[in-house]
Amino acid sequence: METIIKRISELGEVVGGGTPSTAIDEYWNGDIPWISPKDLTGYTAVYIANGESFITSKGLNKSGTRLLPKNTVLFSSRAPIGYIALAANPICTNQGFKSIVCNEDIVNPLFLYYYLKANLSYIRLFGTGATFPEISGSAMRKIKLQVFKDVRYQKRVADILFQFDALIENNNTRIGLMEKMARGLYKEWFVRFRYPGHEKDSLVASKLGKTPSSFDLAQMNEVFDYYIGGGWGNDIPSEDYPVEASVIRGADFPGVWRYDVSSCPVRYHKASNYKSRKLEDGDIVMEISGGTAEQPVGRTVLVTQDMIDRFKDGTVICASFCKLIRLKKKKISPYYFYFWMHYLYDTRIIDRFQLQSTGIINFKFESFLRKGLVMLPPKTVMDAFDNEVAPIFKEMNVLAQQNDLLIKQRDLLLPRLMSGKLEVNI
């Protein structure tokens, strides 16, 4: 298939972004989607409709950004270089993007999306700056790409790849619905107190407000059997660091909750450190350092055997900024405790254990052990809850495994289709 070499400026218009003043309220909370690279952190779908923030028309006019049309290729140009998505609708960005409004007579937007993903290492070569490399608008415009001349052929190639991404996104949607289902069940049973047999209980005053008469309260140190800080290990193996194992970091939350372990790095560890920190079925991983005002520490992940099996040889520990918590399972269910911790986090009760130092928020774990409270339903109720949610977790894992296969197949096809080594019929 015939190819042509074009600068990006010949394929479309390169457009930067901007940020309205956060000190002016009338610029924010409008109806215009505005995204930053943060919105694409861990984002796996092809199209994006909006991020966390929206701006008003006044904010748009005063920001230096521009409303980009649907199918614009959104490309983060710094911190980091290479987050990519397609605009699902008109959208604007901050200054961390050099987006491409495609000339669709020359290049298909979906094809360009996949082309850039297949050639990220090449694109990143054009970044400058030692600490935080950035691609300038002028540098982006000058980058030469070798693309198929026939736009119909581009579209055919892109459509084949998108079939994989559409299936992946469908599975992710189903996983999200299952996550919502499990959270909803927890709220129904343990926030609204409509658990099986609740009619026999009355609500009584406790340190946590009104709770069912059959429920107990315990301090965290009463339900923890074992806890230890995580480890980071070394990036290369050696005599002192012989054990190869993956590491779950705070940055990998909440992906691993959805059984997406692809971002967890493989490191090398001392045998003794690994032995004392190896994650087991029913463990809780808790993030205790590196939080912000918007995202405080205290997030947790429940480790299941299905999750462990996703890692190479089932070897995995948590990182240094996390704690491994092993529960007294005869006293408390790991599933129940996991959702209890999410309740504390979502309601910001967890905030009382935050410690801010030099702009970084850490977690007062020892204080949490002594003063943190957990509501304990009867063991029969917790076991019944386990029986309801455990199959949901298993089904999420099945869908995540399907995604693993789809991603591998797509990533095998991507460079071959983009290079023309594998031709397709129009």
# chains A, B, ... in the order shown; residues from 1 in each chain; ligands from 1
call {"tool": "residues_around", "arguments": {"residues": "Arg299 (chain A)", "least_positions_apart": "4", "cutoff": "7 Å", "atoms": "only C-alpha atoms", "output": "mmCIF file with C-alpha atoms, in the first residue's frame"}}
result
data_model
loop_
_atom_site.group_PDB
_atom_site.id
_atom_site.type_symbol
_atom_site.label_atom_id
_atom_site.label_comp_id
_atom_site.auth_asym_id
_atom_site.auth_seq_id
_atom_site.Cartn_x
_atom_site.Cartn_y
_atom_site.Cartn_z
ATOM 1 C CA MET A 286 -3.474 0.621 52.070
ATOM 2 C CA GLU A 287 -1.887 3.781 50.666
ATOM 3 C CA TYR A 345 -12.720 7.287 52.579
#
call {"tool": "residues_around", "arguments": {"residues": "Leu185 (chain A)", "least_positions_apart": "4", "cutoff": "9 Å", "atoms": "only C-alpha atoms", "output": "PDB file with C-alpha atoms, in the first residue's frame"}}
result
ATOM      1  CA  LYS A 180     -21.262  -0.169  41.386  1.00  0.00           C
ATOM      2  CA  MET A 181     -23.415  -3.204  42.175  1.00  0.00           C
ATOM      3  CA  TRP A 189     -26.788  -3.646  54.101  1.00  0.00           C
ATOM      4  CA  PHE A 190     -24.412  -1.553  56.201  1.00  0.00           C
ATOM      5  CA  PHE A 385     -22.275 -10.511  52.401  1.00  0.00           C
ATOM      6  CA  GLU A 388     -23.013 -12.103  47.548  1.00  0.00           C
ATOM      7  CA  VAL A 389     -19.947 -10.086  46.540  1.00  0.00           C
TER       8      VAL A 389
END
call {"tool": "select_by_dssp", "arguments": {"residues": "region 133-221 of chain A", "states": "alpha helix (DSSP H)", "output": "ChimeraX atom specification"}}
result
/A:137-142,151-190,220-221
call {"tool": "residues_around", "arguments": {"residues": "Arg277 (chain A)", "least_positions_apart": "2", "cutoff": "6 Å", "atoms": "only C-alpha atoms", "output": "ChimeraX atom specification"}}
result
/A:274-275,317
call {"tool": "select_by_dssp", "arguments": {"residues": "region 133-340 of chain A", "states": "strand (DSSP E or B)", "output": "PyMOL selection string"}}
result
chain A and resi 134+144-148+203-206+209-212+216-219+224-229+234+243-248+266-269+284-287+291+300-302+316-318+322-327
call {"tool": "write_last_selection", "arguments": {"atoms": "C-alpha atoms", "output": "mmCIF file, in the first residue's frame"}}
result
data_model
loop_
_atom_site.group_PDB
_atom_site.id
_atom_site.type_symbol
_atom_site.label_atom_id
_atom_site.label_comp_id
_atom_site.auth_asym_id
_atom_site.auth_seq_id
_atom_site.Cartn_x
_atom_site.Cartn_y
_atom_site.Cartn_z
ATOM 1 C CA GLU A 134 7.879 18.927 26.659
ATOM 2 C CA LYS A 144 7.291 13.891 9.899
ATOM 3 C CA LEU A 145 4.986 10.882 9.698
ATOM 4 C CA GLN A 146 4.815 8.206 7.017
ATOM 5 C CA VAL A 147 1.124 7.450 6.522
ATOM 6 C CA PHE A 148 -0.928 5.564 3.949
ATOM 7 C CA LEU A 203 -30.906 1.045 66.337
ATOM 8 C CA VAL A 204 -28.930 2.119 69.404
ATOM 9 C CA ALA A 205 -26.547 4.978 70.099
ATOM 10 C CA SER A 206 -22.831 4.279 69.581
ATOM 11 C CA GLY A 209 -23.980 7.250 65.629
ATOM 12 C CA LYS A 210 -26.974 4.941 65.608
ATOM 13 C CA THR A 211 -26.033 1.348 64.753
ATOM 14 C CA PRO A 212 -27.936 -1.954 64.956
ATOM 15 C CA ASP A 216 -20.247 -4.347 67.771
ATOM 16 C CA LEU A 217 -17.525 -1.716 67.510
ATOM 17 C CA ALA A 218 -13.798 -2.485 67.553
ATOM 18 C CA GLN A 219 -10.563 -0.584 67.265
ATOM 19 C CA PHE A 224 -5.451 -6.545 62.410
ATOM 20 C CA ASP A 225 -3.495 -9.771 62.715
ATOM 21 C CA TYR A 226 -0.344 -8.473 60.986
ATOM 22 C CA TYR A 227 0.785 -5.336 59.222
ATOM 23 C CA ILE A 228 4.008 -4.142 57.659
ATOM 24 C CA GLY A 229 5.233 -1.415 55.333
ATOM 25 C CA ASN A 234 15.766 -2.759 43.034
ATOM 26 C CA VAL A 243 13.535 -12.314 44.007
ATOM 27 C CA GLU A 244 11.554 -11.034 41.034
ATOM 28 C CA ALA A 245 8.118 -9.734 42.049
ATOM 29 C CA SER A 246 5.623 -7.119 40.917
ATOM 30 C CA VAL A 247 4.851 -4.105 43.086
ATOM 31 C CA ILE A 248 1.471 -2.428 43.668
ATOM 32 C CA VAL A 266 8.367 -5.698 38.187
ATOM 33 C CA ARG A 267 11.200 -5.172 40.699
ATOM 34 C CA TYR A 268 13.828 -7.282 42.466
ATOM 35 C CA HIS A 269 13.755 -7.834 46.209
ATOM 36 C CA ILE A 284 -5.566 -5.332 52.311
ATOM 37 C CA VAL A 285 -3.151 -2.896 50.663
ATOM 38 C CA MET A 286 -3.474 0.621 52.070
ATOM 39 C CA GLU A 287 -1.887 3.781 50.666
ATOM 40 C CA GLY A 291 -1.620 12.192 49.104
ATOM 41 C CA THR A 300 -7.327 0.548 49.916
ATOM 42 C CA VAL A 301 -7.300 -2.463 47.623
ATOM 43 C CA LEU A 302 -8.542 -5.935 48.497
ATOM 44 C CA VAL A 316 3.529 -9.497 44.250
ATOM 45 C CA ILE A 317 4.095 -7.104 47.150
ATOM 46 C CA CYS A 318 3.022 -3.523 47.826
ATOM 47 C CA CYS A 322 1.700 1.459 51.298
ATOM 48 C CA LYS A 323 0.934 -0.926 54.151
ATOM 49 C CA LEU A 324 0.177 -4.613 53.936
ATOM 50 C CA ILE A 325 -2.642 -5.404 56.385
ATOM 51 C CA ARG A 326 -3.566 -8.980 57.246
ATOM 52 C CA LEU A 327 -6.869 -9.305 59.061
#
call {"tool": "atom_distance", "arguments": {"atom1": "CA of Leu417 (chain A)", "atom2": "CA of Ile8 (chain A)"}}
result
19.9 Å
call {"tool": "closest_residue", "arguments": {"among": "A:Arg66, A:Arg416, A:Arg352, A:Lys329", "to": "Tyr115 (chain A)", "atoms": "only C-alpha atoms"}}
result
A:Arg416
call {"tool": "closest_residue", "arguments": {"among": "A:Glu423, A:Glu2, A:Asp240, A:Asp351", "to": "Ala293 (chain A)", "atoms": "only C-alpha atoms"}}
result
A:Asp351
call {"tool": "closest_residue", "arguments": {"among": "A:Leu74, A:Val398, A:Ala45, A:Val374", "to": "Phe215 (chain A)", "atoms": "only C-alpha atoms"}}
result
A:Val374
call {"tool": "residues_around", "arguments": {"residues": "Lys70 (chain A)", "least_positions_apart": "6", "cutoff": "12 Å", "atoms": "only C-alpha atoms", "output": "list in words"}}
result
Pro33, Tyr47, Ile48, Ala49, Asn50, Ala85, Leu86, Ala87, Ala88, Asn89, Pro90, Ile91, Cys92, Ser99, Ile100, Val101, Cys102, Pro109 and Leu110 of chain A
call {"tool": "write_last_selection", "arguments": {"atoms": "C-alpha atoms", "output": "tab-separated table (two decimals), in the first residue's frame"}}
result
chain	number	residue	atom	x	y	z
A	33	PRO	CA	-15.67	20.06	28.97
A	47	TYR	CA	-12.79	8.50	23.02
A	48	ILE	CA	-13.24	10.95	25.88
A	49	ALA	CA	-16.28	13.17	26.38
A	50	ASN	CA	-15.12	15.11	29.46
A	85	ALA	CA	-7.48	10.23	23.16
A	86	LEU	CA	-10.04	11.30	20.59
A	87	ALA	CA	-12.58	14.00	21.41
A	88	ALA	CA	-16.01	12.40	21.54
A	89	ASN	CA	-17.59	15.87	21.33
A	90	PRO	CA	-16.45	19.50	21.33
A	91	ILE	CA	-13.90	19.84	24.14
A	92	CYS	CA	-11.05	22.06	25.29
A	99	SER	CA	-3.89	18.56	19.89
A	100	ILE	CA	-4.41	17.90	16.19
A	101	VAL	CA	-7.56	18.98	14.35
A	102	CYS	CA	-7.27	16.65	11.38
A	109	PRO	CA	-8.55	10.88	12.91
A	110	LEU	CA	-8.93	7.35	14.30
call {"tool": "atom_distance", "arguments": {"atom1": "CA of Leu208 (chain A)", "atom2": "CA of Gly372 (chain A)"}}
result
10.9 Å
call {"tool": "closest_residue", "arguments": {"among": "A:Glu222, A:Arg370, A:Gly233, A:Val297", "to": "Phe253 (chain A)", "atoms": "only C-alpha atoms"}}
result
A:Val297
